[in-house]
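What follows is the content of protein_11.txt, which has compact mmCIF, C-alpha atoms:
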# COMPACT_ATOMS: atom_id res chain seq x y z
CA MET Z 1 0.00 0.00 0.00
CA ASN Z 2 2.72 2.40 1.03
CA ALA Z 3 4.71 1.58 -2.10
CA ILE Z 4 1.74 2.53 -4.28
CA LEU Z 5 1.28 5.80 -2.40
CA ASN Z 6 4.98 6.54 -2.78
CA TRP Z 7 4.69 5.89 -6.48
CA PHE Z 8 1.83 8.40 -6.78
CA ALA Z 9 3.78 10.86 -4.63
CA GLY Z 10 6.70 10.48 -7.04
CA ILE Z 11 4.46 11.37 -9.99
CA GLY Z 12 3.12 14.32 -8.00
CA VAL Z 13 6.60 15.66 -7.26
CA THR Z 14 7.68 15.32 -10.90
CA THR Z 15 4.55 17.09 -12.15
CA ARG Z 16 4.88 19.87 -9.60
CA GLY Z 17 8.54 20.31 -10.52
CA ALA Z 18 7.74 20.47 -14.24
CA ILE Z 19 4.98 23.04 -13.69
CA ALA Z 20 7.19 25.14 -11.39
CA ARG Z 21 9.96 25.11 -14.01
CA LEU Z 22 7.51 26.14 -16.72
CA GLY Z 23 6.29 28.96 -14.51
CA PHE Z 24 9.86 30.05 -13.80
CA ALA Z 25 10.65 30.00 -17.53
CA THR Z 26 7.59 32.17 -18.25
CA ARG Z 27 8.52 34.70 -15.58
CA PHE Z 28 12.08 34.62 -16.89
CA LEU Z 29 10.80 35.46 -20.39
CA VAL Z 30 8.84 38.41 -18.98
CA ALA Z 31 11.96 39.59 -17.11
CA VAL Z 32 14.09 39.30 -20.26
CA VAL Z 33 11.58 41.26 -22.36
CA LYS Z 34 11.32 43.93 -19.63
CA ALA Z 35 15.10 44.23 -19.48
CA SER Z 36 15.50 44.42 -23.27
CA GLY Z 37 15.67 48.22 -23.34
CA THR Z 38 19.42 48.16 -22.65
CA THR Z 39 20.00 45.77 -25.56
CA PHE Z 40 18.50 48.12 -28.11
CA LEU Z 41 19.95 51.28 -26.54
CA ARG Z 42 23.43 49.75 -26.71
CA PRO Z 43 23.52 47.92 -30.08
CA ARG Z 44 27.19 47.07 -29.54
CA LEU Z 45 26.10 44.29 -27.14
CA LEU Z 46 23.59 42.95 -29.66
CA ILE Z 47 26.02 43.06 -32.61
CA ARG Z 48 28.62 41.02 -30.72
CA GLU Z 49 26.01 38.33 -30.01
CA LEU Z 50 24.67 38.45 -33.56
CA TYR Z 51 28.19 37.67 -34.69
CA HIS Z 52 28.45 34.67 -32.38
CA ALA Z 53 24.93 33.29 -32.94
CA GLY Z 54 24.35 34.25 -36.57
CA VAL Z 55 27.57 34.72 -38.52
CA LEU Z 56 29.35 31.74 -36.99
CA SER Z 57 26.33 29.51 -37.79
CA LEU Z 58 26.40 30.56 -41.44
CA VAL Z 59 28.78 27.89 -42.71
CA ILE Z 60 26.95 24.89 -41.26
CA VAL Z 61 23.49 26.24 -42.26
CA LEU Z 62 24.52 27.11 -45.82
CA MET Z 63 26.30 23.80 -46.39
CA SER Z 64 23.42 21.77 -44.92
CA GLY Z 65 20.90 23.70 -47.01
CA LEU Z 66 22.82 23.03 -50.20
CA PHE Z 67 23.15 19.32 -49.53
CA VAL Z 68 19.57 18.86 -48.31
CA GLY Z 69 18.34 20.52 -51.51
CA MET Z 70 20.56 18.31 -53.69
CA VAL Z 71 19.44 15.11 -51.92
CA LEU Z 72 15.78 16.19 -52.16
CA ALA Z 73 16.17 16.59 -55.91
CA LEU Z 74 17.87 13.21 -56.31
CA GLN Z 75 15.29 11.37 -54.21
CA GLY Z 76 12.36 13.31 -55.69
CA TYR Z 77 13.51 12.38 -59.18
CA GLU Z 78 13.34 8.64 -58.32
CA THR Z 79 9.63 8.96 -57.49
CA LEU Z 80 8.57 11.63 -59.97
CA VAL Z 81 10.11 9.86 -62.97
CA ARG Z 82 7.75 6.91 -62.43
CA PHE Z 83 4.76 9.19 -62.95
CA GLY Z 84 6.39 11.13 -65.75
CA ALA Z 85 6.10 14.28 -63.67
CA THR Z 86 9.73 15.36 -63.42
CA GLU Z 87 8.70 18.93 -64.33
CA ALA Z 88 7.15 19.14 -60.86
CA MET Z 89 10.62 18.86 -59.34
CA GLY Z 90 10.85 22.61 -58.73
CA VAL Z 91 7.53 22.55 -56.88
CA LEU Z 92 8.58 19.56 -54.76
CA VAL Z 93 11.93 21.06 -53.76
CA ALA Z 94 10.64 24.59 -53.15
CA LEU Z 95 7.53 23.64 -51.18
CA SER Z 96 9.28 21.11 -48.94
CA LEU Z 97 12.06 23.57 -48.18
CA VAL Z 98 10.02 26.75 -47.77
CA ARG Z 99 7.22 25.20 -45.74
CA GLU Z 100 8.98 22.61 -43.58
CA LEU Z 101 12.65 21.80 -43.98
CA GLY Z 102 13.97 25.36 -44.01
CA PRO Z 103 12.52 26.47 -40.67
CA VAL Z 104 12.79 23.07 -38.95
CA VAL Z 105 16.28 21.95 -39.98
CA ALA Z 106 17.72 25.46 -39.64
CA GLY Z 107 16.13 25.59 -36.16
CA LEU Z 108 17.62 22.23 -35.16
CA LEU Z 109 21.06 23.23 -36.47
CA PHE Z 110 20.80 26.59 -34.74
CA ALA Z 111 19.87 24.93 -31.43
CA SER Z 112 22.86 22.62 -31.56
CA ARG Z 113 25.35 25.17 -32.95
CA ALA Z 114 24.39 28.46 -31.24
CA GLY Z 115 21.85 27.48 -28.55
CA SER Z 116 24.22 25.09 -26.80
CA ALA Z 117 27.00 27.71 -26.93
CA ILE Z 118 24.73 30.33 -25.35
CA THR Z 119 23.71 27.92 -22.57
CA ALA Z 120 27.32 26.94 -21.85
CA GLU Z 121 28.45 30.57 -21.81
CA ILE Z 122 25.74 31.79 -19.42
CA GLY Z 123 26.01 28.64 -17.28
CA LEU Z 124 29.78 29.10 -16.94
CA MET Z 125 29.31 32.77 -16.08
CA LYS Z 126 26.97 31.65 -13.31
CA THR Z 127 29.38 28.94 -12.11
CA THR Z 128 32.31 31.36 -11.92
CA GLU Z 129 30.00 33.85 -10.15
CA GLN Z 130 30.34 36.53 -12.81
CA LEU Z 131 26.56 37.03 -12.76
CA ALA Z 132 26.63 37.50 -8.99
CA ALA Z 133 29.53 39.93 -9.34
CA MET Z 134 27.50 42.00 -11.82
CA GLU Z 135 24.62 42.19 -9.38
CA VAL Z 136 27.06 43.41 -6.70
CA MET Z 137 28.14 46.16 -9.11
CA ALA Z 138 24.43 47.07 -9.59
CA VAL Z 139 24.47 45.79 -13.20
CA ASN Z 140 21.41 43.74 -14.04
CA PRO Z 141 22.82 40.48 -15.47
CA ILE Z 142 19.58 39.79 -17.32
CA ALA Z 143 19.83 43.10 -19.17
CA ARG Z 144 23.58 42.91 -19.70
CA VAL Z 145 24.10 39.19 -20.48
CA VAL Z 146 20.82 37.38 -21.14
CA ALA Z 147 18.72 39.82 -23.19
CA PRO Z 148 21.34 40.50 -25.93
CA ARG Z 149 21.83 36.75 -26.47
CA PHE Z 150 18.07 36.17 -26.52
CA TRP Z 151 17.41 38.87 -29.12
CA ALA Z 152 20.42 37.87 -31.19
CA GLY Z 153 18.93 34.37 -31.45
CA VAL Z 154 15.48 35.73 -32.30
CA ILE Z 155 16.92 37.90 -35.09
CA SER Z 156 19.38 35.35 -36.49
CA LEU Z 157 17.22 32.27 -36.93
CA PRO Z 158 14.67 33.66 -39.45
CA PHE Z 159 17.55 34.87 -41.64
CA LEU Z 160 19.33 31.52 -41.30
CA ALA Z 161 16.12 29.66 -42.22
CA ALA Z 162 15.62 31.85 -45.31
CA LEU Z 163 19.24 31.26 -46.33
CA PHE Z 164 18.80 27.52 -45.79
CA SER Z 165 15.76 27.44 -48.10
CA THR Z 166 17.47 29.59 -50.71
CA LEU Z 167 20.62 27.46 -50.80
CA GLY Z 168 18.45 24.32 -50.77
CA ILE Z 169 16.49 25.48 -53.81
CA TYR Z 170 19.76 26.35 -55.54
CA GLY Z 171 21.12 22.88 -54.67
CA GLY Z 172 17.94 21.30 -56.04
CA TYR Z 173 18.36 23.38 -59.20
CA LEU Z 174 21.95 22.21 -59.59
CA VAL Z 175 21.03 18.53 -59.34
CA ALA Z 176 17.72 18.66 -61.24
CA VAL Z 177 18.75 20.92 -64.12
CA LYS Z 178 22.53 20.67 -64.38
CA LEU Z 179 23.03 17.03 -63.37
CA ILE Z 180 19.82 15.18 -64.35
CA GLY Z 181 18.87 17.49 -67.19
CA ILE Z 182 15.29 18.55 -66.40
CA ASP Z 183 14.26 21.65 -68.34
CA GLY Z 184 15.28 24.75 -66.37
CA GLY Z 185 12.29 26.77 -67.57
CA ALA Z 186 9.85 24.13 -66.31
CA PHE Z 187 11.74 23.91 -63.01
CA TRP Z 188 11.38 27.63 -62.22
CA GLY Z 189 8.05 28.15 -64.01
CA GLN Z 190 6.19 25.35 -62.23
CA MET Z 191 7.72 26.47 -58.95
CA GLN Z 192 6.53 30.03 -59.40
CA ALA Z 193 3.06 28.89 -60.42
CA ALA Z 194 2.67 26.61 -57.38
CA VAL Z 195 4.39 28.54 -54.59
CA ASP Z 196 2.26 31.32 -53.18
CA TRP Z 197 4.04 34.26 -51.60
CA ARG Z 198 1.64 34.76 -48.73
CA TYR Z 199 0.46 31.21 -48.18
CA ASP Z 200 3.76 29.32 -48.46
CA VAL Z 201 6.63 31.77 -48.01
CA MET Z 202 5.10 33.91 -45.25
CA ASN Z 203 3.90 30.89 -43.27
CA GLY Z 204 7.44 29.47 -43.45
CA VAL Z 205 8.85 32.77 -42.19
CA ILE Z 206 6.30 32.87 -39.35
CA LYS Z 207 7.33 29.33 -38.39
CA SER Z 208 10.99 30.31 -38.26
CA ILE Z 209 10.20 33.34 -36.09
CA VAL Z 210 8.25 31.18 -33.61
CA PHE Z 211 11.10 28.63 -33.52
CA ALA Z 212 13.56 31.49 -32.98
CA PHE Z 213 11.70 32.64 -29.88
CA ALA Z 214 11.40 29.08 -28.53
CA VAL Z 215 15.03 28.07 -29.08
CA SER Z 216 16.46 31.36 -27.80
CA LEU Z 217 14.33 31.24 -24.66
CA ILE Z 218 15.26 27.62 -23.96
CA ALA Z 219 18.96 28.38 -24.48
CA VAL Z 220 19.18 31.41 -22.19
CA PHE Z 221 16.85 29.88 -19.60
CA GLU Z 222 18.79 26.61 -19.33
CA GLY Z 223 22.02 28.58 -18.96
CA TYR Z 224 20.59 30.88 -16.30
CA ASP Z 225 18.96 27.96 -14.48
CA ALA Z 226 22.01 25.66 -14.66
CA THR Z 227 23.33 24.06 -11.49
CA PRO Z 228 26.56 26.01 -10.91
CA THR Z 229 28.94 23.06 -11.23
CA ALA Z 230 30.84 21.52 -14.13
CA GLU Z 231 28.30 18.69 -14.40
CA GLY Z 232 25.45 21.17 -14.07
CA VAL Z 233 26.63 23.21 -17.06
CA SER Z 234 27.16 20.06 -19.13
CA ALA Z 235 23.68 18.77 -18.23
CA ALA Z 236 22.13 22.16 -19.05
CA THR Z 237 23.83 22.20 -22.47
CA THR Z 238 22.46 18.74 -23.22
CA ARG Z 239 18.99 19.78 -22.06
CA THR Z 240 19.07 22.83 -24.35
CA VAL Z 241 19.65 20.69 -27.44
CA VAL Z 242 17.13 18.00 -26.46
CA THR Z 243 14.38 20.39 -25.33
CA SER Z 244 14.88 22.67 -28.35
CA ALA Z 245 14.63 19.75 -30.77
CA LEU Z 246 11.45 18.47 -29.11
CA ALA Z 247 9.99 21.97 -28.91
CA ILE Z 248 10.70 22.69 -32.59
CA LEU Z 249 9.14 19.43 -33.80
CA THR Z 250 6.05 19.74 -31.56
CA ILE Z 251 5.44 23.41 -32.38
CA ASP Z 252 6.00 22.61 -36.05
CA PHE Z 253 3.24 20.02 -35.98
CA VAL Z 254 0.81 22.39 -34.26
CA LEU Z 255 1.63 25.28 -36.61
CA THR Z 256 1.34 23.05 -39.68
CA VAL Z 257 -2.09 21.85 -38.57
CA PHE Z 258 -3.30 25.43 -38.32
CA MET Z 259 -1.51 26.83 -41.37
CA PHE Z 260 -1.90 24.14 -44.02
CA ARG Z 261 -4.95 22.15 -42.96
CA GLY Z 262 -7.22 24.16 -45.21
CA SER Z 263 -5.17 23.52 -48.35
CA VAL Z 264 -7.45 20.71 -49.56
CA ASN Z 265 -10.64 22.70 -49.96
CA GLY Z 266 -9.50 26.26 -49.40
CA MET T 1 38.76 40.07 -33.66
CA ASN T 2 38.26 43.83 -33.63
CA LYS T 3 34.94 45.67 -33.55
CA ARG T 4 35.06 46.76 -37.17
CA ALA T 5 35.47 43.22 -38.45
CA ILE T 6 32.52 42.06 -36.32
CA ASP T 7 30.41 44.95 -37.66
CA ILE T 8 31.28 44.03 -41.22
CA TRP T 9 30.46 40.35 -40.69
CA VAL T 10 27.13 41.08 -38.98
CA GLY T 11 26.23 43.56 -41.71
CA PHE T 12 27.09 40.95 -44.34
CA PHE T 13 25.00 38.34 -42.50
CA VAL T 14 21.92 40.57 -42.26
CA ALA T 15 22.32 41.67 -45.89
CA ILE T 16 22.41 38.14 -47.31
CA GLY T 17 19.58 37.14 -44.94
CA VAL T 18 17.38 39.91 -46.33
CA ALA T 19 18.49 38.99 -49.86
CA ALA T 20 17.43 35.38 -49.23
CA LEU T 21 13.99 36.53 -48.04
CA PHE T 22 13.62 38.64 -51.19
CA PHE T 23 14.73 35.69 -53.32
CA LEU T 24 12.07 33.48 -51.73
CA ALA T 25 9.39 36.13 -52.14
CA LEU T 26 10.20 37.25 -55.69
CA LYS T 27 11.83 34.36 -57.52
CA VAL T 28 10.17 31.43 -55.75
CA GLY T 29 6.88 32.90 -54.55
CA ASN T 30 6.42 35.24 -57.50
CA LEU T 31 5.29 38.23 -55.47
CA LEU T 32 5.24 40.48 -58.57
CA ASN T 33 2.46 38.50 -60.27
CA PHE T 34 0.57 38.38 -57.00
CA LYS T 35 0.45 42.18 -56.93
CA GLU T 36 -0.73 42.46 -60.53
CA GLU T 37 -3.65 40.17 -59.77
CA ARG T 38 -5.03 42.56 -57.18
CA ASN T 39 -6.22 45.15 -59.69
CA GLY T 40 -8.57 43.13 -61.81
CA TYR T 41 -12.21 42.17 -62.01
CA GLU T 42 -14.27 39.21 -60.87
CA LEU T 43 -16.66 36.95 -62.74
CA MET T 44 -19.02 34.18 -61.67
CA VAL T 45 -19.36 30.80 -63.36
CA LYS T 46 -21.76 28.00 -62.43
CA PHE T 47 -20.67 24.43 -63.09
CA ASP T 48 -22.67 21.23 -62.58
CA ASN T 49 -19.52 19.55 -61.34
CA ILE T 50 -16.13 21.07 -60.65
CA GLY T 51 -14.24 17.80 -60.09
CA ASN T 52 -11.10 18.61 -58.13
CA LEU T 53 -10.91 22.32 -58.87
CA LYS T 54 -9.42 24.24 -55.95
CA PRO T 55 -9.19 27.90 -54.99
CA ARG T 56 -6.07 29.59 -56.44
CA ALA T 57 -6.14 27.27 -59.45
CA PRO T 58 -5.17 29.11 -62.63
CA VAL T 59 -7.65 30.46 -65.17
CA LYS T 60 -6.23 30.07 -68.67
CA SER T 61 -7.21 31.24 -72.09
CA ALA T 62 -5.42 29.65 -75.06
CA GLY T 63 -2.98 28.24 -72.49
CA VAL T 64 -2.02 31.65 -71.07
CA VAL T 65 -2.70 32.28 -67.37
CA VAL T 66 -5.12 35.22 -67.20
CA GLY T 67 -6.37 34.93 -63.61
CA ARG T 68 -7.05 32.74 -60.60
CA VAL T 69 -9.99 30.92 -59.04
CA GLU T 70 -10.99 33.02 -56.07
CA LYS T 71 -13.74 31.15 -54.24
CA ILE T 72 -15.85 28.02 -54.66
CA ARG T 73 -19.19 27.37 -52.98
CA LEU T 74 -22.36 25.40 -53.58
CA ASP T 75 -25.40 27.35 -54.73
CA PRO T 76 -28.18 26.14 -52.39
CA GLN T 77 -30.94 26.90 -54.94
CA THR T 78 -29.65 25.20 -58.06
CA PHE T 79 -27.20 22.77 -56.39
CA GLN T 80 -24.52 23.89 -58.79
CA ALA T 81 -20.98 24.83 -57.88
CA SER T 82 -20.63 28.59 -57.98
CA VAL T 83 -17.04 29.51 -58.86
CA ARG T 84 -15.74 33.04 -58.50
CA ILE T 85 -12.77 33.84 -60.73
CA HIS T 86 -10.45 36.81 -60.64
CA LEU T 87 -9.13 38.11 -63.96
CA GLU T 88 -6.49 40.69 -64.74
CA ASN T 89 -7.77 43.98 -66.16
CA GLN T 90 -5.70 43.71 -69.34
CA TYR T 91 -7.70 40.64 -70.37
CA GLN T 92 -11.32 41.37 -71.39
CA PHE T 93 -13.62 38.60 -72.58
CA PRO T 94 -16.76 38.77 -74.80
CA ARG T 95 -20.13 37.99 -73.24
CA ASP T 96 -20.53 34.60 -74.97
CA THR T 97 -17.26 33.23 -73.59
CA ILE T 98 -17.34 29.51 -72.72
CA ALA T 99 -15.78 28.38 -69.44
CA THR T 100 -14.61 24.75 -69.21
CA ILE T 101 -12.77 22.82 -66.53
CA PHE T 102 -9.70 21.10 -67.95
CA THR T 103 -7.07 18.85 -66.44
CA SER T 104 -3.40 19.41 -67.21
CA GLY T 105 -2.07 16.00 -68.15
CA LEU T 106 -3.86 12.80 -67.23
CA LEU T 107 -3.79 13.25 -63.45
CA GLY T 108 -2.52 16.82 -63.17
CA GLU T 109 -4.13 19.77 -61.46
CA GLN T 110 -7.37 21.18 -62.80
CA PHE T 111 -7.85 24.67 -64.18
CA VAL T 112 -10.58 26.79 -65.74
CA GLY T 113 -10.19 27.36 -69.46
CA LEU T 114 -11.89 30.33 -71.12
CA GLU T 115 -12.76 30.21 -74.82
CA ALA T 116 -13.62 33.63 -76.19
CA GLY T 117 -16.76 33.98 -78.30
CA GLY T 118 -17.62 36.55 -80.94
CA ASP T 119 -19.81 39.00 -79.04
CA THR T 120 -18.88 42.66 -79.33
CA GLU T 121 -19.88 43.44 -75.74
CA MET T 122 -17.38 42.56 -73.03
CA LEU T 123 -18.02 40.96 -69.64
CA LYS T 124 -18.00 43.44 -66.76
CA ASP T 125 -17.08 43.08 -63.10
CA GLU T 126 -19.42 40.79 -61.07
CA GLN T 127 -21.16 39.44 -64.19
CA GLU T 128 -21.73 35.76 -64.85
CA ILE T 129 -20.34 33.58 -67.62
CA LYS T 130 -23.48 31.82 -68.89
CA LYS T 131 -21.89 29.04 -70.88
CA ALA T 132 -20.05 26.54 -68.71
CA GLN T 133 -18.92 22.98 -69.25
CA SER T 134 -18.24 20.72 -66.29
CA ALA T 135 -15.14 18.83 -65.41
CA ILE T 136 -14.54 15.49 -67.09
CA GLN T 137 -14.53 12.87 -64.39
CA ILE T 138 -12.06 10.17 -65.21
CA GLU T 139 -13.96 7.62 -63.09
CA LYS T 140 -17.10 8.17 -65.21
CA LEU T 141 -15.12 7.85 -68.43
CA ILE T 142 -13.54 4.62 -67.24
CA SER T 143 -16.85 3.13 -66.13
CA GLN T 144 -18.44 4.10 -69.46
CA PHE T 145 -15.55 2.52 -71.31
CA MET T 146 -15.80 -0.66 -69.25
CA PHE T 147 -19.55 -0.75 -69.76
CA ASN T 148 -19.14 -0.35 -73.53
CA GLN T 149 -16.48 -3.02 -73.69
CA ALA T 150 -18.62 -5.43 -71.70
CA GLN T 151 -21.64 -4.66 -73.88
CA SER T 152 -19.81 -5.08 -77.19
CA GLY T 153 -18.14 -8.22 -75.87
CA ALA T 154 -21.48 -9.65 -74.89
CA SER T 155 -23.12 -8.78 -78.21
CA ALA T 156 -20.13 -10.12 -80.19
CA GLY T 157 -20.44 -13.34 -78.19
CA ALA T 158 -24.11 -13.52 -79.13
CA GLY T 159 -22.92 -13.76 -82.73
CA ASN T 160 -25.23 -11.31 -84.50
CA ALA T 161 -26.13 -7.60 -84.49
CA GLY T 162 -22.77 -6.65 -82.93
CA ASN T 163 -22.82 -3.09 -84.29
CA THR T 164 -26.51 -2.18 -84.27
CA ASN T 165 -26.15 0.81 -82.00
CA PRO T 166 -22.53 1.82 -81.59
CA SER T 167 -23.27 5.18 -79.94
CA ALA T 168 -25.67 3.85 -77.31
CA GLY T 169 -23.20 3.80 -74.47
CA VAL T 170 -21.37 7.02 -75.31
CA LYS T 171 -23.99 9.34 -73.88
CA PRO T 172 -23.17 10.44 -70.37

Take the structure from the file and write it as structure tokens.
Amino acid sequence: MNAILNWFAGIGVTTRGAIARLGFATRFLVAVVKASGTTFLRPRLLIRELYHAGVLSLVIVLMSGLFVGMVLALQGYETLVRFGATEAMGVLVALSLVRELGPVVAGLLFASRAGSAITAEIGLMKTTEQLAAMEVMAVNPIARVVAPRFWAGVISLPFLAALFSTLGIYGGYLVAVKLIGIDGGAFWGQMQAAVDWRYDVMNGVIKSIVFAFAVSLIAVFEGYDATPTAEGVSAATTRTVVTSALAILTIDFVLTVFMFRGSVNG
Amino acid sequence: MNKRAIDIWVGFFVAIGVAALFFLALKVGNLLNFKEERNGYELMVKFDNIGNLKPRAPVKSAGVVVGRVEKIRLDPQTFQASVRIHLENQYQFPRDTIATIFTSGLLGEQFVGLEAGGDTEMLKDEQEIKKAQSAIQIEKLISQFMFNQAQSGASAGAGNAGNTNPSAGVKP
């Protein structure tokens, strides 16, 4: 009997802990947004973080985009050629990249490349008591350290996702037109006829903005919340990548349901 | 790394990011055509059956895209599909234009085809195209074909009067 009660108590503690953490993360987000004034009044702080989060992620995002686009074209050709519909290659590559792969894969890459770095940096600052030292000097660490990194992530990811899609479409063009030999006019023409600027491109951009907020918040929160030990920082970095990946995929499903459900009958 | 180099790199990053967004909007999403469509006029067509026609499907005349399907709904009085199409202003059609639903390729997407008539008066905004021809349903065609085959097979098997009424099964 007691064992069963203990089991229920265990579930209760876990649930309470999860809810408390969610509440803390929400209040943390409010605190970050409130303290964002400094970030935009002193753009120097923001530019330094944009360099670390955005520019240094460029290589991996651009290369991945190019290769994902090329593989999409190769695999798409295998299927489309059976139905004699290889002209639809442009549509296939562009829609998959703009709607789904661009925001999602760029978000996952960003979480592992930049998000983990942000968490480790803030966590280490906490471990070495730099954050506490700032508070002693009457500098708000959230305004000085957390907010610039948060906004840098929010600004970088939509650009990275757009670059990923662009390079992916170019990679698809290279394979489809230059390697396989599909007509280039049909590739671009069908793509332009099928891809709608507001319906497809804008929804993709909105997705990437939502992912940007989610990943940036998770990264700075895990860093700020890290247990101030070496293991604590390592665990927080792992959690950032895992939670970001799960968050991106879950949010993506929900957003897709709302954005593209109506495509069958308008 | 000094401040100037960081500034240059961040500026470069933002610039190519914005360029990528423009590329997606203009080259892939064709934003320019989207804008042109806005200043046009709208026509109504009633079809008995629209098949798989969807909103935003192209409206073509002689193979050239002249507009888009705006809205599709069922007319509760006549039980016909009422299709609203948006045409660009530069394309004016005579009043006896025929609207037909075609399929591009065997299984491709469906579109509305407009065939201009000879009337001197042109269709105006919010007017209705009176002559409409429904979508060809491939299932119906196949079942008709099967039915005809079975019928001719049966009559050939009977040994006489195999071709008495060759057009009997063709009528929809």

Taking only residues of chain Z that have an atom at most 8 Å from an atom of chain T, what is each one's shortest atom pair and its distance in Å to one decimal, using all atoms listed in the file, in chain and number order, as a Markdown table?
| residue | atom | partner | partner_atom | distance |
| --- | --- | --- | --- | --- |
| Z:Ile47 | CA | T:Val10 | CA | 6.8 |
| Z:Arg48 | CA | T:Ile6 | CA | 6.9 |
| Z:Leu50 | CA | T:Val10 | CA | 6.5 |
| Z:Tyr51 | CA | T:Val10 | CA | 5.6 |
| Z:Gly54 | CA | T:Phe13 | CA | 7.2 |
| Z:Val55 | CA | T:Phe13 | CA | 6.0 |
| Z:Leu58 | CA | T:Phe13 | CA | 8.0 |
| Z:Ala94 | CA | T:Val28 | CA | 7.3 |
| Z:Phe159 | CA | T:Gly17 | CA | 4.5 |
| Z:Leu160 | CA | T:Gly17 | CA | 6.7 |
| Z:Ala162 | CA | T:Ala20 | CA | 5.6 |
| Z:Leu163 | CA | T:Ala20 | CA | 5.4 |
| Z:Ser165 | CA | T:Leu24 | CA | 8.0 |
| Z:Thr166 | CA | T:Ala20 | CA | 6.0 |
| Z:Trp188 | CA | T:Val28 | CA | 7.6 |
| Z:Met191 | CA | T:Val28 | CA | 6.4 |
| Z:Gln192 | CA | T:Val28 | CA | 5.3 |
| Z:Ala193 | CA | T:Asn30 | CA | 7.8 |
| Z:Val195 | CA | T:Gly29 | CA | 5.0 |
| Z:Asp196 | CA | T:Gly29 | CA | 5.1 |
| Z:Trp197 | CA | T:Gly29 | CA | 4.3 |
| Z:Asp200 | CA | T:Gly29 | CA | 7.7 |
| Z:Val201 | CA | T:Ala25 | CA | 6.6 |
| Z:Val264 | CA | T:Lys54 | CA | 7.6 |
| Z:Asn265 | CA | T:Lys54 | CA | 6.3 |
| Z:Gly266 | CA | T:Pro55 | CA | 5.8 |

For Z:Met70, the closest of Z:Leu167, Z:Leu217, Z:Ala161, Z:Ala138 counting all atoms listed in the file is Z:Leu167

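Atom CA of Z:Leu97 sits 15.7 Å away from atom CA of Z:Leu255.
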
Across T:Gln144, T:Met44, T:Arg4, T:Ser134, the smallest distance to T:Phe111, with all atoms listed in the file counted, is shown by T:Ser134

Q: Within 10 Å of (-18.3, 41.7, -74.5) (coordinates as in the file), grab all the protein and nucleic acid residues, counting all atoms listed in the file, and write them out as a list in words.
A: Gln92, Phe93, Pro94, Arg95, Asp96, Thr97, Ala116, Gly117, Gly118, Asp119, Thr120, Glu121, Met122, Leu123 and Lys124 of chain T

Taking all atoms of stretch 70-86 of chain T that the file lists, what box with edges along x, y and z, padded by 3 Å per side, do you get, with centre and edge lengths in Å to one decimal, as AutoDock Vina command-line options?
--center_x -20.7 --center_y 29.8 --center_z -56.6 --size_x 26.5 --size_y 20.0 --size_z 14.3

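Here atom CA of Z:Val32 stands at a distance of 15.4 Å from atom CA of Z:Glu135.
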
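Between atom CA of Z:Ser112 and atom CA of Z:Arg21 the interatomic distance comes to 21.9 Å.
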
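The shortest atom-to-atom distance to Z:Ile182, with all atoms listed in the file taken into account, belongs to Z:Thr86 out of Z:Ser96, Z:Thr15, Z:Thr86, Z:Asn140.
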
I'd like the neighbourhood of Z:Ala176 as a PyMOL selection string, where a residue qualifies if any of its atoms comes within 12 Å (using all atoms listed in the file), though same-chain residues fewer than 3 positions away should be ignored.
chain Z and resi 69-78+80-81+86-93+168-173+179-188

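For stretch 242-248 of chain Z, the residues within 10 Å (counting all atoms listed in the file, excluding itself and residues fewer than 6 positions away along the chain) are Pro103, Val104, Val105, Gly107, Leu108, Leu109, Phe110, Ala111, Ser112, Gly115, Ser116, Lys207, Ser208, Val210, Phe211, Ala212, Ala214, Val215, Ser216, Leu217, Ile218, Ala219, Glu222 and Ala236 of chain Z.
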
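The closest residue to T:Gln90, picked from T:Gly51, T:Gly67, T:Gly113, T:Gly153 and counting only C-alpha atoms, is T:Gly67.
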
Mind filling out stretch 139-146 of chain T with N, CA and C atoms and sending it as a tab-separated table (two decimals), in the frame of the given file?
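Written file, part.tsv:
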chain	number	residue	atom	x	y	z
T	139	GLU	N	-13.30	8.84	-63.55
T	139	GLU	CA	-13.96	7.62	-63.09
T	139	GLU	C	-15.16	7.30	-63.98
T	140	LYS	N	-15.93	8.36	-64.34
T	140	LYS	CA	-17.10	8.17	-65.21
T	140	LYS	C	-16.67	7.65	-66.56
T	141	LEU	N	-15.61	8.27	-67.11
T	141	LEU	CA	-15.12	7.85	-68.43
T	141	LEU	C	-14.73	6.39	-68.40
T	142	ILE	N	-14.00	6.01	-67.33
T	142	ILE	CA	-13.54	4.62	-67.24
T	142	ILE	C	-14.73	3.68	-67.13
T	143	SER	N	-15.71	4.03	-66.30
T	143	SER	CA	-16.85	3.13	-66.13
T	143	SER	C	-17.65	3.02	-67.42
T	144	GLN	N	-17.77	4.15	-68.17
T	144	GLN	CA	-18.44	4.10	-69.46
T	144	GLN	C	-17.71	3.17	-70.42
T	145	PHE	N	-16.37	3.34	-70.43
T	145	PHE	CA	-15.55	2.52	-71.31
T	145	PHE	C	-15.71	1.04	-70.98
T	146	MET	N	-15.66	0.73	-69.69
T	146	MET	CA	-15.80	-0.66	-69.25
T	146	MET	C	-17.17	-1.21	-69.65
